[in-house]
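Peer 1: To be precise about what I am sending: the file is called upload-v8.cif and holds mmCIF, C-alpha atoms.
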```cif
data_upload
#
loop_
_atom_site.label_atom_id
_atom_site.label_comp_id
_atom_site.auth_asym_id
_atom_site.auth_seq_id
_atom_site.Cartn_x
_atom_site.Cartn_y
_atom_site.Cartn_z
CA MET A 1 -114.31 -6.91 12.91
CA ARG A 2 -113.20 -3.42 11.84
CA TRP A 3 -109.62 -4.06 12.90
CA ARG A 4 -109.49 -7.13 10.60
CA ALA A 5 -110.54 -4.98 7.64
CA ALA A 6 -107.97 -2.34 8.59
CA ILE A 7 -105.21 -4.94 8.88
CA SER A 8 -106.22 -6.50 5.54
CA ALA A 9 -106.20 -3.11 3.84
CA GLY A 10 -102.81 -2.30 5.39
CA LEU A 11 -101.35 -5.60 4.20
CA CYS A 12 -102.70 -4.98 0.67
CA VAL A 13 -101.08 -1.54 0.60
CA MET A 14 -97.78 -2.97 1.88
CA GLY A 15 -97.98 -5.69 -0.76
CA LEU A 16 -98.44 -3.09 -3.50
CA ILE A 17 -95.52 -1.06 -2.18
CA VAL A 18 -93.23 -4.09 -1.98
CA THR A 19 -94.13 -5.42 -5.44
CA GLY A 20 -93.95 -1.94 -6.99
CA CYS A 21 -90.42 -1.46 -5.69
CA GLN A 22 -89.03 -4.75 -6.90
CA ARG A 23 -85.71 -4.56 -8.70
CA PRO A 24 -85.52 -5.95 -12.21
CA SER A 25 -84.50 -9.57 -12.60
CA GLU A 26 -80.77 -10.28 -12.56
CA GLY A 27 -79.33 -9.88 -16.05
CA VAL A 28 -82.14 -7.62 -17.30
CA TYR A 29 -80.79 -4.24 -18.36
CA PHE A 30 -83.32 -3.18 -20.99
CA GLU A 31 -86.93 -3.90 -21.78
CA LEU A 32 -88.72 -3.47 -25.08
CA SER A 33 -90.59 -0.16 -25.22
CA GLY A 34 -91.54 0.09 -28.90
CA ARG A 35 -91.25 -1.51 -32.31
CA ILE A 36 -92.50 -0.32 -35.67
CA PHE A 37 -91.81 -0.15 -39.40
CA VAL A 38 -91.07 3.38 -40.57
CA PHE A 39 -92.17 4.16 -44.13
CA ASN A 40 -90.84 7.37 -45.65
CA TYR A 41 -92.76 7.81 -48.90
CA ARG A 42 -90.92 11.02 -49.78
CA VAL A 43 -87.59 9.23 -50.23
CA ALA A 44 -89.07 5.75 -50.84
CA THR A 45 -87.50 3.96 -47.87
CA ALA A 46 -88.64 1.63 -45.12
CA ASN A 47 -86.86 0.29 -42.07
CA TYR A 48 -87.41 -1.27 -38.67
CA LEU A 49 -87.25 0.92 -35.57
CA VAL A 50 -86.99 -0.74 -32.16
CA THR A 51 -86.72 1.15 -28.88
CA LEU A 52 -85.58 -0.17 -25.52
CA ARG A 53 -85.97 1.36 -22.07
CA ARG A 54 -83.17 0.89 -19.55
CA VAL A 55 -84.30 -0.76 -16.30
CA ALA A 56 -80.91 -1.31 -14.66
CA ALA A 57 -77.38 0.05 -14.84
CA ILE A 58 -75.40 -1.46 -17.70
CA PRO A 59 -71.67 -2.14 -17.60
CA LYS A 60 -69.44 0.38 -19.38
CA GLU A 61 -68.31 -0.36 -22.94
CA SER A 62 -71.44 -2.45 -23.64
CA ARG A 63 -72.82 -2.91 -27.14
CA ALA A 64 -76.20 -3.82 -28.62
CA ARG A 65 -76.39 -5.85 -31.81
CA ALA A 66 -79.75 -6.20 -33.53
CA GLU A 67 -80.56 -8.85 -36.11
CA PHE A 68 -83.55 -8.08 -38.37
CA GLU A 69 -85.31 -10.56 -40.62
CA ASP A 70 -84.97 -9.44 -44.25
CA PRO A 71 -88.52 -9.16 -45.67
CA GLN A 72 -87.07 -9.77 -49.13
CA GLY A 73 -85.63 -13.10 -48.01
CA GLY A 74 -81.98 -13.92 -47.72
CA PRO A 75 -79.64 -13.41 -44.78
CA ALA A 76 -80.60 -11.31 -41.78
CA LEU A 77 -79.71 -7.62 -41.62
CA PHE A 78 -77.60 -6.33 -38.73
CA THR A 79 -76.93 -3.12 -36.89
CA GLU A 80 -74.72 -2.51 -33.88
CA GLU A 81 -74.70 0.40 -31.42
CA LYS A 82 -72.55 1.38 -28.50
CA VAL A 83 -74.64 1.54 -25.30
CA LEU A 84 -73.96 4.67 -23.31
CA ASP A 85 -74.45 4.25 -19.57
CA VAL A 86 -75.95 7.75 -19.31
CA ASP A 87 -78.85 7.07 -21.70
CA ASP A 88 -82.22 5.95 -20.37
CA GLY A 89 -83.10 4.31 -23.65
CA LEU A 90 -81.71 2.81 -26.82
CA THR A 91 -82.99 3.12 -30.38
CA LEU A 92 -82.01 0.56 -32.98
CA ALA A 93 -82.83 1.13 -36.65
CA SER A 94 -82.29 -1.43 -39.37
CA PRO A 95 -80.75 -0.78 -42.74
CA PHE A 96 -83.41 0.02 -45.36
CA VAL A 97 -85.64 -2.93 -46.26
CA GLN A 98 -87.91 -3.82 -49.16
CA CYS A 99 -90.99 -5.99 -49.61
CA VAL A 100 -92.59 -5.49 -46.17
CA ARG A 101 -95.98 -7.22 -46.10
CA LYS A 102 -99.01 -6.24 -44.07
CA ASP A 103 -99.87 -8.37 -41.00
CA ARG A 104 -96.78 -10.56 -41.30
CA PRO A 105 -94.57 -10.75 -38.20
CA TYR A 106 -90.85 -10.25 -38.86
CA ARG A 107 -88.27 -11.52 -36.36
CA VAL A 108 -85.91 -9.21 -34.46
CA ALA A 109 -83.24 -10.40 -32.00
CA ILE A 110 -81.19 -7.99 -29.90
CA THR A 111 -78.06 -9.13 -28.07
CA LEU A 112 -76.46 -6.92 -25.42
CA THR A 113 -72.80 -7.69 -24.84
CA GLY A 114 -70.23 -6.47 -22.34
CA ALA A 115 -66.79 -5.01 -23.03
CA SER A 116 -65.17 -8.43 -23.39
CA GLY A 117 -67.95 -9.80 -25.61
CA GLU A 118 -69.89 -11.73 -22.95
CA VAL A 119 -73.64 -11.87 -23.55
CA LEU A 120 -75.48 -9.77 -20.97
CA GLN A 121 -79.05 -10.05 -22.29
CA VAL A 122 -80.97 -11.30 -25.31
CA ILE A 123 -84.29 -9.77 -26.35
CA GLU A 124 -86.36 -11.44 -29.07
CA THR A 125 -89.50 -9.99 -30.58
CA THR A 126 -91.38 -9.53 -33.82
CA VAL A 127 -92.43 -6.43 -35.73
CA THR A 128 -95.65 -6.42 -37.74
CA SER A 129 -96.67 -3.71 -40.19
CA ASP A 130 -100.26 -2.60 -40.62
CA VAL A 131 -99.60 -1.66 -44.29
CA ASP A 132 -97.74 -3.19 -47.22
CA GLN A 133 -94.67 -1.48 -48.57
CA SER A 134 -96.68 -0.90 -51.74
CA VAL A 135 -97.80 2.39 -50.12
CA ILE A 136 -94.46 3.91 -51.05
CA PRO A 137 -93.24 4.48 -54.60
CA ALA A 138 -90.44 2.49 -56.20
CA ALA A 139 -88.23 5.61 -56.41
CA PRO A 140 -87.88 8.75 -54.26
CA LEU A 141 -90.40 11.51 -54.96
CA VAL A 142 -87.70 14.13 -54.40
CA VAL A 143 -83.95 14.38 -54.94
CA GLY A 144 -81.29 16.62 -53.51
CA PRO A 145 -81.20 18.83 -50.44
CA ALA A 146 -83.84 21.25 -51.81
CA TYR A 147 -86.48 18.49 -52.29
CA THR A 148 -86.43 18.86 -56.06
CA PRO A 149 -89.12 16.68 -57.70
CA ASN A 150 -87.57 13.49 -59.04
CA PRO A 151 -87.66 13.61 -62.86
CA ASP A 152 -88.05 9.79 -62.92
CA MET A 153 -91.33 10.17 -61.03
CA PHE A 154 -92.62 13.48 -62.40
CA LYS A 155 -92.19 13.33 -66.17
CA ALA A 156 -91.64 16.40 -68.36
CA ASP A 157 -94.95 15.71 -70.15
CA GLY A 158 -96.83 16.09 -66.82
CA SER A 159 -97.40 12.37 -66.22
CA THR A 160 -96.41 10.65 -62.99
CA ASP A 161 -95.42 7.11 -62.04
CA PHE A 162 -96.17 6.24 -58.43
CA SER A 163 -96.15 2.47 -58.91
CA GLY A 164 -94.71 0.52 -56.03
CA ARG A 165 -91.82 -1.89 -55.97
CA THR A 166 -92.24 -5.12 -57.92
CA GLY A 167 -90.44 -8.45 -57.72
CA CYS A 168 -91.03 -9.15 -54.02
CA PRO A 169 -91.18 -12.79 -52.99
CA VAL A 170 -94.66 -14.21 -52.49
CA THR A 171 -94.52 -15.69 -49.00
CA PRO A 172 -97.23 -16.09 -46.39
#
```
Re-express the file's structure as structure tokens.

Peer 2:
Amino acid sequence: MRWRAAISAGLCVMGLIVTGCQRPSEGVYFELSGRIFVFNYRVATANYLVTLRRVAAIPKESRARAEFEDPQGGPALFTEEKVLDVDDGLTLASPFVQCVRKDRPYRVAITLTGASGEVLQVIETTVTSDVDQSVIPAAPLVVGPAYTPNPDMFKADGSTDFSGRTGCPVTP
């Protein structure tokens, strides 16, 4: 009876070792490791930030192209990065965006291509913000390299205007 328990325990441990050492699926070079909207209230900008973790060696001269849904509507926004085979990860940032809405998922599609343009992997996901873009002002709070207060925000008479961006589309 004891030997059956010992054999069962041994098989379970072997099963964990074997499944823990599995190689990634064929054609999988990166996996999603993070996605977020970055709001910088100081300079009144927002953008997507998506990070990938490398799980397998990638062919030299590969590229990653990310397509980000434009929260303002209109055509998608793109960014493209060269993938270095020495990096363990990849960070893709969108151009600045406007009109990000709280709790609304925005589509992101990342295509990894080889040197000759062949598609190596496609990763699709969504990014959802936990705040509206109304948390940042319509104009930067500071200007210049010395972080000089923006005269459009901090008026000479001592008043301030921190109102957020207006004119965003009303979409669910």

Peer 1: Write out as a list in words the residues lying within 10 Å of A:Pro95, counting all atoms listed in the file and excluding same-chain residues fewer than 3 positions away.

Peer 2: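 Selected residues are Thr45, Ala46, Asn47, Tyr48, Leu49, Phe68, Asp70, Leu77, Phe78, Thr79 and Leu92 of chain A.
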
Peer 1: Would you pick out the contacts of A:Met153 at 8 Å or less, using all atoms listed in the file, so that residues sharing its chain but fewer than 4 positions from it are not included, and give the list as a count of residues only?

Peer 2: 7

Peer 1: Specify as an NGL selection string each residue included when the PyMOL selection byres ((chain A and resi 34) around 12) is applied to this file.

Peer 2: :A and (30-33 or 35-37 or 48-53 or 89-93 or 125-128)

Peer 1: Keeping C-alpha atoms, export the residues of the selection given above as an mmCIF file, in the coordinates of the input.

Peer 2:
```
data_model
loop_
_atom_site.group_PDB
_atom_site.id
_atom_site.type_symbol
_atom_site.label_atom_id
_atom_site.label_comp_id
_atom_site.auth_asym_id
_atom_site.auth_seq_id
_atom_site.Cartn_x
_atom_site.Cartn_y
_atom_site.Cartn_z
ATOM 1 C CA PHE A 30 -83.320 -3.180 -20.990
ATOM 2 C CA GLU A 31 -86.930 -3.900 -21.780
ATOM 3 C CA LEU A 32 -88.720 -3.470 -25.080
ATOM 4 C CA SER A 33 -90.590 -0.160 -25.220
ATOM 5 C CA ARG A 35 -91.250 -1.510 -32.310
ATOM 6 C CA ILE A 36 -92.500 -0.320 -35.670
ATOM 7 C CA PHE A 37 -91.810 -0.150 -39.400
ATOM 8 C CA TYR A 48 -87.410 -1.270 -38.670
ATOM 9 C CA LEU A 49 -87.250 0.920 -35.570
ATOM 10 C CA VAL A 50 -86.990 -0.740 -32.160
ATOM 11 C CA THR A 51 -86.720 1.150 -28.880
ATOM 12 C CA LEU A 52 -85.580 -0.170 -25.520
ATOM 13 C CA ARG A 53 -85.970 1.360 -22.070
ATOM 14 C CA GLY A 89 -83.100 4.310 -23.650
ATOM 15 C CA LEU A 90 -81.710 2.810 -26.820
ATOM 16 C CA THR A 91 -82.990 3.120 -30.380
ATOM 17 C CA LEU A 92 -82.010 0.560 -32.980
ATOM 18 C CA ALA A 93 -82.830 1.130 -36.650
ATOM 19 C CA THR A 125 -89.500 -9.990 -30.580
ATOM 20 C CA THR A 126 -91.380 -9.530 -33.820
ATOM 21 C CA VAL A 127 -92.430 -6.430 -35.730
ATOM 22 C CA THR A 128 -95.650 -6.420 -37.740
#
```

Peer 1: Could you check how far atom CA of A:Gln98 sits from atom CA of A:Ala44, in Å to one decimal?

Peer 2: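 Computing it gives 9.8 Å between the two atoms.
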
Peer 1: Step by step: start from the point (-64.0, -7.2, -23.0) in the file's coordinates, keep every protein, DNA or RNA residue that has an atom no farther than 12 Å from it, count only C-alpha atoms, and write the set as a PDB file with C-alpha atoms, in the coordinates of the input.

Peer 2:
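So the final result, stored in selection_25.pdb, reads:
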```pdb
ATOM      1  CA  PRO A  59     -71.670  -2.140 -17.600  1.00  0.00           C
ATOM      2  CA  LYS A  60     -69.440   0.380 -19.380  1.00  0.00           C
ATOM      3  CA  GLU A  61     -68.310  -0.360 -22.940  1.00  0.00           C
ATOM      4  CA  SER A  62     -71.440  -2.450 -23.640  1.00  0.00           C
ATOM      5  CA  ARG A  63     -72.820  -2.910 -27.140  1.00  0.00           C
ATOM      6  CA  THR A 113     -72.800  -7.690 -24.840  1.00  0.00           C
ATOM      7  CA  GLY A 114     -70.230  -6.470 -22.340  1.00  0.00           C
ATOM      8  CA  ALA A 115     -66.790  -5.010 -23.030  1.00  0.00           C
ATOM      9  CA  SER A 116     -65.170  -8.430 -23.390  1.00  0.00           C
ATOM     10  CA  GLY A 117     -67.950  -9.800 -25.610  1.00  0.00           C
ATOM     11  CA  GLU A 118     -69.890 -11.730 -22.950  1.00  0.00           C
ATOM     12  CA  VAL A 119     -73.640 -11.870 -23.550  1.00  0.00           C
ATOM     13  CA  LEU A 120     -75.480  -9.770 -20.970  1.00  0.00           C
TER      14      LEU A 120
END
```

Peer 1: Can you pull out every residue within 8 Å of A:Glu69, counting only C-alpha atoms, but drop anything in the same chain fewer than 5 positions away, and send it as a PyMOL selection string?

Peer 2: chain A and resi 75-77+106-108

Peer 1: Take the residues from that selection and write them out as an mmCIF file, keeping the file's coordinate frame, keeping C-alpha atoms.

Peer 2:
```cif
data_model
loop_
_atom_site.group_PDB
_atom_site.id
_atom_site.type_symbol
_atom_site.label_atom_id
_atom_site.label_comp_id
_atom_site.auth_asym_id
_atom_site.auth_seq_id
_atom_site.Cartn_x
_atom_site.Cartn_y
_atom_site.Cartn_z
ATOM 1 C CA PRO A 75 -79.640 -13.410 -44.780
ATOM 2 C CA ALA A 76 -80.600 -11.310 -41.780
ATOM 3 C CA LEU A 77 -79.710 -7.620 -41.620
ATOM 4 C CA TYR A 106 -90.850 -10.250 -38.860
ATOM 5 C CA ARG A 107 -88.270 -11.520 -36.360
ATOM 6 C CA VAL A 108 -85.910 -9.210 -34.460
#
```

Peer 1: List the residues matched by the PyMOL selection byres ((chain A and resi 102) around 7) in the displayed structure as number ranges by chain, ordered by chain and then by residue number.

Peer 2: A: 100-101, 103-104, 129-132

Peer 1: May I ask for the distance between atom CA of A:Phe39 and atom CA of A:Thr148, given in Å to one decimal place?

Peer 2: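 So the answer is 19.8 Å.
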
Peer 1: Just to confirm, what's the straight-line distance from atom CA of A:Glu81 to atom CA of A:Gly144 in Å (one decimal)?

Peer 2: 28.2 Å

Peer 1: Mind working out the centre and edge lengths of an axis-aligned box for stretch 127-143 of chain A, all listed atoms inside, 6 Å added to each side, rounded to one decimal in Å and written as lines of an AutoDock Vina configuration file?

Peer 2:
```
center_x = -92.1
center_y = 4.0
center_z = -46.1
size_x = 28.3
size_y = 32.8
size_z = 32.7
```
